[in-house]
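Reading through the structure tokens given below for one structure.
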Amino acid sequence: MWRLAGVVVGVYAAVCILSDLGAGISDHPVGGVLLITTYLIPGLLVAARARRDDPAWAFLSAGMIAYGAGNLYWFLRIRDMNPEPLATWADALWLAFYPACAAALALLLRRRLPRLGTTAWLDGLIAATAVAALVSLPLLAAVEPAPHSSTLGVVVNAAYPLSDIAVTGCLLGVWALCGWRADRVLGLLIAGMGLFAAADAVSMILLWQGVEMPRTLDLLWIAGLFLLAMAVRQPSGRRETGPPNIWLSTAVPAGLAFLSLGLLIFAALSERSVTTVTSLLAATAVTAAIIRMIASVRTAEQLGAARRMARTDELTGLANRRHFIESLDRELATTGGPLAVAFFDLDRFKEVNDSFGHDVGDSLLRLVGARLRDAVRDPVLLARLGGDEFALLMPGMGRDDAAAVVNRLLSTLRKPFLLPEVDLHVDASVGIAVHPDDGADRSTLLRRADVAMYAAKHGHGGPVFATGLDDHARARLTTLEELRAGLDRDELVLHYQPKVTVGPERRVVGVEALVRWQHPVRGLVYPDAFLGTAESADLMGRITGAVLDLACRQSRAWHDQGLAVPVAVNLTVSNLRDPAFPDQVAALLERYRLPASALELEVTESVLMTDADNALKRLGTLRDMGVRLAVDDYGTGYSSLGYLQVLPADDLKLDRAFVSRCGTDPRSAAIVHSTVQLAHSLGMRIVAEGVEDDEILDRLREYGCDYAQGYGIARPQNAAWLAAHAPAPVTAAPAHR
Ligand code: C2E
Ligand code: CA
Ligand code: CA
């Protein structure tokens, strides 16, 4: 396409040059066809490139095609008139190019500078009118309109260069706003419009002086159109390579406004006539500059207020997280010397909120903030990071100084807070990290301080230094941090292990959901590696919540495929300590439109070791809802028949320690056999865990066991497996773990 266009333009250029040399070939019909096609090609090229989602290029191509059509009309109707009239319909088509071009530019610039404010548009106006005024001064003053020209003629012909100048001026203004960043699209547009302006100016002067126009002048317009078309070929998309150059974007409009002002003064003082158009343009530029100045001052005021607000914590009036981070960054960048950061987390603040309400909680935070502020001295910066977390930035302080500051604050904090409603005693866990020992950069320092704070929470009082943490504790705390983030990023996945009937058909009667953590670096992490840590850090509520949600969602999918297999989810002690847990389960069942029988919950006897009454109450509620319950790992805990009697369970899962040995060890075999009978006599069904081969399965059938689960039947695996194997009999045991 472009190559063909190049050939056509080349031929036309030759025709123009030859005809100016007196060959007279441009009057030949072929010359006319060439003229018209060369003018139309760039517009068509743009139209071909314009994508539907981009109205800017559509406008530009419409304008360029209108321009080409103007030439067609001129060639067919006007060319032979003598003298050529100064204003015709061809001018209407040519001038239509400018509004279309302006619309295209507005759309294009909007995308480039998505939030172009009032000042930006004012800058555009200043640049456009000032440049136009400056250029119009010599242009309009020097030229005496030709004797046969009418007012309409003068206006129409002056409209070309002035429009060119206005558009070029706008482009320059916007380029200044972009910080004069190298931008090919803008550069090509400015070059194209610049050529247009030059050609229009020359043609206007020639026309007014009655001199015949050389054909080669056409080449300037055509080159301009091609430059515009090339802008469309540039890769689209906004490029933001650093902040705009503030200095230039202020200096350029200011300079232009000064020049305009000079022009006005010159107009007032000088005897020479400065045309009305020039004075009006200059006056517009100066007015726009004054408005811009007022707008800038107001914006600066608002910015100042917003910045102050954005750096203060609303509740306590202390510095907020942003302020803290900015100060830390500044310290690290400028001094590079020793520096300590400390994280304070109030102990049991949640209890205060839960028992006395949020108003009391907020009052307490305000008092804590005020007391801490009174106790810190320059250069220490105190900030509230959010919730019940405060932080200290201690420039120039090493380990000992930091410990002294923190201990002093802790002791003021321990004096009771007298609220109207209640007197409260407050303590805090504090973690301290020291630069450069604990980390050279901001994120390492903050992470270490945070880890140390968690260690303090689970320690025995007093601040904890990041440096003092041993590798094991650090690894544990890293796991915790990552697990928290992993929960936010939905990194937990479930594998499902089927439970089958012990008969030869091995019918799938349910699946157990087993959690895995899809760690971004460590890969698939098994529950043994993180559940213990999670339980001690109070994360089991969130984990079980996530697992239940995944399990219910999967169960819904299976139900939709006609697979109504109950899914079992494992609970821990802390789940049953949570009074809201049964409601949470009910809400999930409702959300996924599942019958309660679709869910089974597995608990070990250890749930009854502490606070048995409440645990039993919650299990009772769940069972009344219709959720099935299973006693997990039976035989490993402090099994007491008493517990078994009171636990409202449907299934008893006999631990694999007995099952796996029942083929070889007569004592294990006896335990399995008698437990089957015990379960049956209590009205429970029995599930043998850890079935690793067929021989054991035969034994279990002999003993009257109901169901079996184990690697010998199927390993835990992703959900797709069940759809392929159930309700058909299970045979193969594909390797997975
Ligand atoms: P569990 O509840 O006793 O789950 C059965 C565990 O035994 C699973 O290990 C399973 O892969 C493994 N297993 C199954 N068949 C065999 C077999 O034939 N031989 C052997 N050697 N092992 C077998 P996994 O998935 O590593 O889970 C370990 C434990 O982690 C579970 O023991 C359970 O206590 C806990 N757990 C797993 N997922 C969750 C969960 O979502 N929530 C809670 N609270 N605990 C979970
Ligand atoms: Ca289990
Ligand atoms: Ca188990």
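Chain labels follow the order of the structure tokens: the first chain is A, the next B, and so on; residue numbering restarts at 1 in every chain, and ligands are counted from 1 in their shown order.
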Interface rows for chain A against ligand 1: nearest pair, Å to one decimal, 9 Å, only C-alpha atoms and all ligand atoms, as CSV:
residue,atom,partner,partner_atom_place_in_ligand_line,distance
A:Leu494,CA,ligand 1,41 (O),7.6
A:His495,CA,ligand 1,25 (O),7.8
A:Tyr496,CA,ligand 1,25 (O),8.9
A:Gln497,CA,ligand 1,14 (C),7.2
A:Glu512,CA,ligand 1,4 (O),7.8
A:Ala513,CA,ligand 1,41 (O),6.2
A:Leu514,CA,ligand 1,38 (N),3.6
A:Val515,CA,ligand 1,38 (N),4.1
A:Arg516,CA,ligand 1,38 (N),7.1
A:Tyr526,CA,ligand 1,26 (O),5.5
A:Pro527,CA,ligand 1,30 (O),4.9
A:Asp528,CA,ligand 1,30 (O),5.6
A:Ala529,CA,ligand 1,26 (O),8.8
A:Leu531,CA,ligand 1,45 (N),6.9
A:Glu535,CA,ligand 1,44 (N),8.9
A:Met540,CA,ligand 1,44 (N),7.2
A:Ile543,CA,ligand 1,42 (N),7.3
A:Thr544,CA,ligand 1,42 (N),5.8
A:Ala546,CA,ligand 1,41 (O),8.7
A:Val547,CA,ligand 1,41 (O),5.6
A:Leu548,CA,ligand 1,41 (O),7.9
A:Val569,CA,ligand 1,41 (O),5.9
A:Asn570,CA,ligand 1,42 (N),4.3
A:Leu571,CA,ligand 1,44 (N),4.2
A:Thr572,CA,ligand 1,44 (N),4.8
A:Val573,CA,ligand 1,44 (N),8.5
A:Asn575,CA,ligand 1,44 (N),8.5
A:Glu602,CA,ligand 1,2 (O),7.4
A:Val603,CA,ligand 1,44 (N),8.4
A:Thr604,CA,ligand 1,34 (O),8.5
A:Asp632,CA,ligand 1,2 (O),6.5
A:Asp633,CA,ligand 1,3 (O),5.8
A:Lys653,CA,ligand 1,3 (O),8.7
A:Asp655,CA,ligand 1,3 (O),7.2
A:Arg656,CA,ligand 1,19 (N),7.1
A:Ser660,CA,ligand 1,18 (O),7.8
A:Glu689,CA,ligand 1,15 (N),6.3
A:Gly690,CA,ligand 1,18 (O),3.4
A:Val691,CA,ligand 1,18 (O),4.7
A:Glu692,CA,ligand 1,18 (O),4.5
A:Asp693,CA,ligand 1,18 (O),8.2
A:Gln709,CA,ligand 1,15 (N),6.1
A:Gly710,CA,ligand 1,15 (N),3.4
A:Tyr711,CA,ligand 1,18 (O),3.7
A:Gly712,CA,ligand 1,18 (O),5.9
A:Ile713,CA,ligand 1,18 (O),7.8
A:Ala714,CA,ligand 1,15 (N),7.7
A:Arg715,CA,ligand 1,15 (N),6.3
A:Pro716,CA,ligand 1,11 (O),5.8
A:Arg737,CA,ligand 1,11 (O),7.9
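Residues in contact range of A:Ala383, defined as at most 10 Å between only C-alpha atoms, with sequence neighbours fewer than 5 positions away removed, read Arg311, Thr312, Asp313, Thr316, Gly317, Leu318, Ala319, Asn320, Arg321, Arg322, His323, Phe324, Ile325, Phe343, Phe344, Gly369, Leu372, Arg373, Glu389, Phe390, Ala391, Leu392 and Leu393 of chain A.
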Can you pull out every residue within 10 Å of A:Gly398, counting only C-alpha atoms, but drop anything in the same chain fewer than 3 positions away, and send it as a count of residues only? 15
For A:Pro648, find every residue with an atom within 8 Å (counting only C-alpha atoms), except residues of its own chain fewer than 3 positions away, and show them as a compact mmCIF listing (two decimals) with all heavy atoms, in the first residue's frame.
# COMPACT_ATOMS: atom_id res chain seq x y z
N LEU A 619 -21.21 -28.79 67.76
CA LEU A 619 -21.33 -30.00 66.94
C LEU A 619 -22.79 -30.44 66.87
O LEU A 619 -23.28 -30.85 65.81
CB LEU A 619 -20.47 -31.13 67.52
CG LEU A 619 -18.96 -30.95 67.30
CD1 LEU A 619 -18.18 -32.02 68.06
CD2 LEU A 619 -18.64 -31.04 65.81
N GLY A 620 -23.49 -30.31 68.02
CA GLY A 620 -24.92 -30.67 68.05
C GLY A 620 -25.71 -29.80 67.07
O GLY A 620 -26.53 -30.31 66.30
N ARG A 623 -25.04 -30.93 63.56
CA ARG A 623 -25.68 -32.21 63.25
C ARG A 623 -27.18 -32.02 63.07
O ARG A 623 -27.80 -32.61 62.18
CB ARG A 623 -25.40 -33.19 64.39
CG ARG A 623 -25.95 -34.56 64.11
CD ARG A 623 -24.86 -35.59 64.14
NE ARG A 623 -25.29 -36.89 63.68
CZ ARG A 623 -25.92 -37.77 64.47
NH1 ARG A 623 -26.19 -37.47 65.72
NH2 ARG A 623 -26.26 -38.95 63.99
N LEU A 629 -21.16 -35.91 60.71
CA LEU A 629 -19.93 -35.73 61.49
C LEU A 629 -19.15 -37.05 61.53
O LEU A 629 -19.75 -38.12 61.56
CB LEU A 629 -20.25 -35.31 62.92
CG LEU A 629 -21.00 -33.99 63.09
CD1 LEU A 629 -21.30 -33.74 64.56
CD2 LEU A 629 -20.19 -32.84 62.52
N GLN A 645 -19.20 -41.78 73.31
CA GLN A 645 -20.64 -41.87 73.57
C GLN A 645 -21.34 -40.51 73.40
O GLN A 645 -22.45 -40.45 72.92
CB GLN A 645 -20.86 -42.36 74.99
CG GLN A 645 -21.73 -43.58 75.01
CD GLN A 645 -21.76 -44.18 76.40
OE1 GLN A 645 -21.05 -43.75 77.32
NE2 GLN A 645 -22.59 -45.19 76.57
Smallest atom-to-atom distance to ligand 2: which of A:Leu644, A:Val511, A:Val672, A:Leu34, using only C-alpha atoms and all ligand atoms? A:Val511
Can you pull out every residue within 8 Å of A:Ala229, counting only C-alpha atoms, but drop anything in the same chain fewer than 5 positions away, and send it as a VMD selection string? chain A and resid 42 to 43 45 to 46
Selection: 12 Å around A:Arg448, only C-alpha atoms, excl. self and same-chain fewer than 6 positions, as a PyMOL selection string: chain A and resi 340-343+430-442+454-455+464-469+473-475+477-478+481
Can I get the selected residues back with N, CA and C atoms, as a CSV table (one decimal), in the first residue's frame?
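That gives us selection.csv:
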chain,number,residue,atom,x,y,z
A,340,ALA,N,16.6,3.0,63.4
A,340,ALA,CA,15.8,1.9,63.9
A,340,ALA,C,14.3,2.1,63.6
A,341,VAL,N,13.6,1.1,63.3
A,341,VAL,CA,12.1,1.2,63.2
A,341,VAL,C,11.5,0.2,64.2
A,342,ALA,N,10.4,0.6,64.8
A,342,ALA,CA,9.7,-0.3,65.7
A,342,ALA,C,8.2,-0.4,65.3
A,343,PHE,N,7.7,-1.6,65.4
A,343,PHE,CA,6.2,-1.7,65.2
A,343,PHE,C,5.6,-2.0,66.6
A,430,VAL,N,6.1,-5.3,70.7
A,430,VAL,CA,6.9,-4.4,69.9
A,430,VAL,C,8.0,-5.2,69.2
A,431,GLY,N,8.2,-5.0,67.9
A,431,GLY,CA,9.3,-5.6,67.2
A,431,GLY,C,10.2,-4.5,66.6
A,432,ILE,N,11.5,-4.7,66.7
A,432,ILE,CA,12.4,-3.6,66.3
A,432,ILE,C,13.4,-4.1,65.3
A,433,ALA,N,13.6,-3.4,64.2
A,433,ALA,CA,14.6,-3.7,63.2
A,433,ALA,C,15.5,-2.6,63.1
A,434,VAL,N,16.8,-2.9,63.0
A,434,VAL,CA,17.8,-1.8,63.0
A,434,VAL,C,18.6,-1.8,61.6
A,435,HIS,N,18.7,-0.6,61.1
A,435,HIS,CA,19.5,-0.4,59.8
A,435,HIS,C,20.9,-0.2,60.2
A,436,PRO,N,21.9,-0.7,59.6
A,436,PRO,CA,21.8,-1.6,58.4
A,436,PRO,C,21.9,-3.1,58.7
A,437,ASP,N,22.0,-3.5,60.0
A,437,ASP,CA,22.1,-4.9,60.4
A,437,ASP,C,21.0,-5.8,59.9
A,438,ASP,N,19.8,-5.3,60.1
A,438,ASP,CA,18.6,-6.2,59.8
A,438,ASP,C,18.1,-6.0,58.3
A,439,GLY,N,18.7,-5.0,57.6
A,439,GLY,CA,18.2,-4.8,56.3
A,439,GLY,C,18.7,-3.5,55.8
A,440,ALA,N,19.0,-3.4,54.5
A,440,ALA,CA,19.5,-2.2,53.9
A,440,ALA,C,18.4,-1.3,53.3
A,441,ASP,N,17.3,-2.0,52.9
A,441,ASP,CA,16.3,-1.3,52.2
A,441,ASP,C,15.0,-1.2,53.0
A,442,ARG,N,14.1,-0.4,52.6
A,442,ARG,CA,12.8,-0.2,53.4
A,442,ARG,C,12.0,-1.5,53.5
A,454,TYR,N,5.5,-10.0,65.5
A,454,TYR,CA,4.7,-11.2,65.7
A,454,TYR,C,5.4,-12.2,66.7
A,455,ALA,N,6.7,-12.2,66.7
A,455,ALA,CA,7.4,-13.0,67.7
A,455,ALA,C,7.2,-12.5,69.1
A,464,VAL,N,11.1,-7.2,71.0
A,464,VAL,CA,11.9,-8.3,70.3
A,464,VAL,C,12.6,-7.7,69.2
A,465,PHE,N,13.9,-7.9,69.1
A,465,PHE,CA,14.7,-7.4,68.0
A,465,PHE,C,14.8,-8.4,66.9
A,466,ALA,N,14.7,-7.9,65.7
A,466,ALA,CA,14.7,-8.8,64.5
A,466,ALA,C,16.0,-9.6,64.5
A,467,THR,N,17.1,-9.0,64.9
A,467,THR,CA,18.4,-9.6,64.9
A,467,THR,C,18.4,-10.8,65.9
A,468,GLY,N,17.6,-10.8,66.9
A,468,GLY,CA,17.7,-11.8,67.9
A,468,GLY,C,16.9,-13.1,67.5
A,469,LEU,N,16.2,-13.0,66.4
A,469,LEU,CA,15.4,-14.2,66.1
A,469,LEU,C,16.3,-15.3,65.5
A,473,ALA,N,12.7,-19.7,64.1
A,473,ALA,CA,11.6,-18.8,64.4
A,473,ALA,C,11.4,-17.9,63.2
A,474,ARG,N,12.5,-17.5,62.5
A,474,ARG,CA,12.3,-16.6,61.4
A,474,ARG,C,11.6,-17.4,60.3
A,475,ALA,N,12.0,-18.6,60.0
A,475,ALA,CA,11.4,-19.4,59.0
A,475,ALA,C,9.9,-19.6,59.2
A,477,LEU,N,8.0,-17.7,61.0
A,477,LEU,CA,7.3,-16.4,60.8
A,477,LEU,C,7.2,-16.0,59.4
A,478,THR,N,8.2,-16.4,58.6
A,478,THR,CA,8.1,-16.1,57.2
A,478,THR,C,7.0,-16.9,56.6
A,481,GLU,N,3.8,-15.2,57.4
A,481,GLU,CA,3.5,-14.0,56.6
A,481,GLU,C,3.1,-14.4,55.2
Separation of atom CA of A:Ala586 from atom CA of A:Ser555, in Å and rounded to one decimal: 14.8 Å
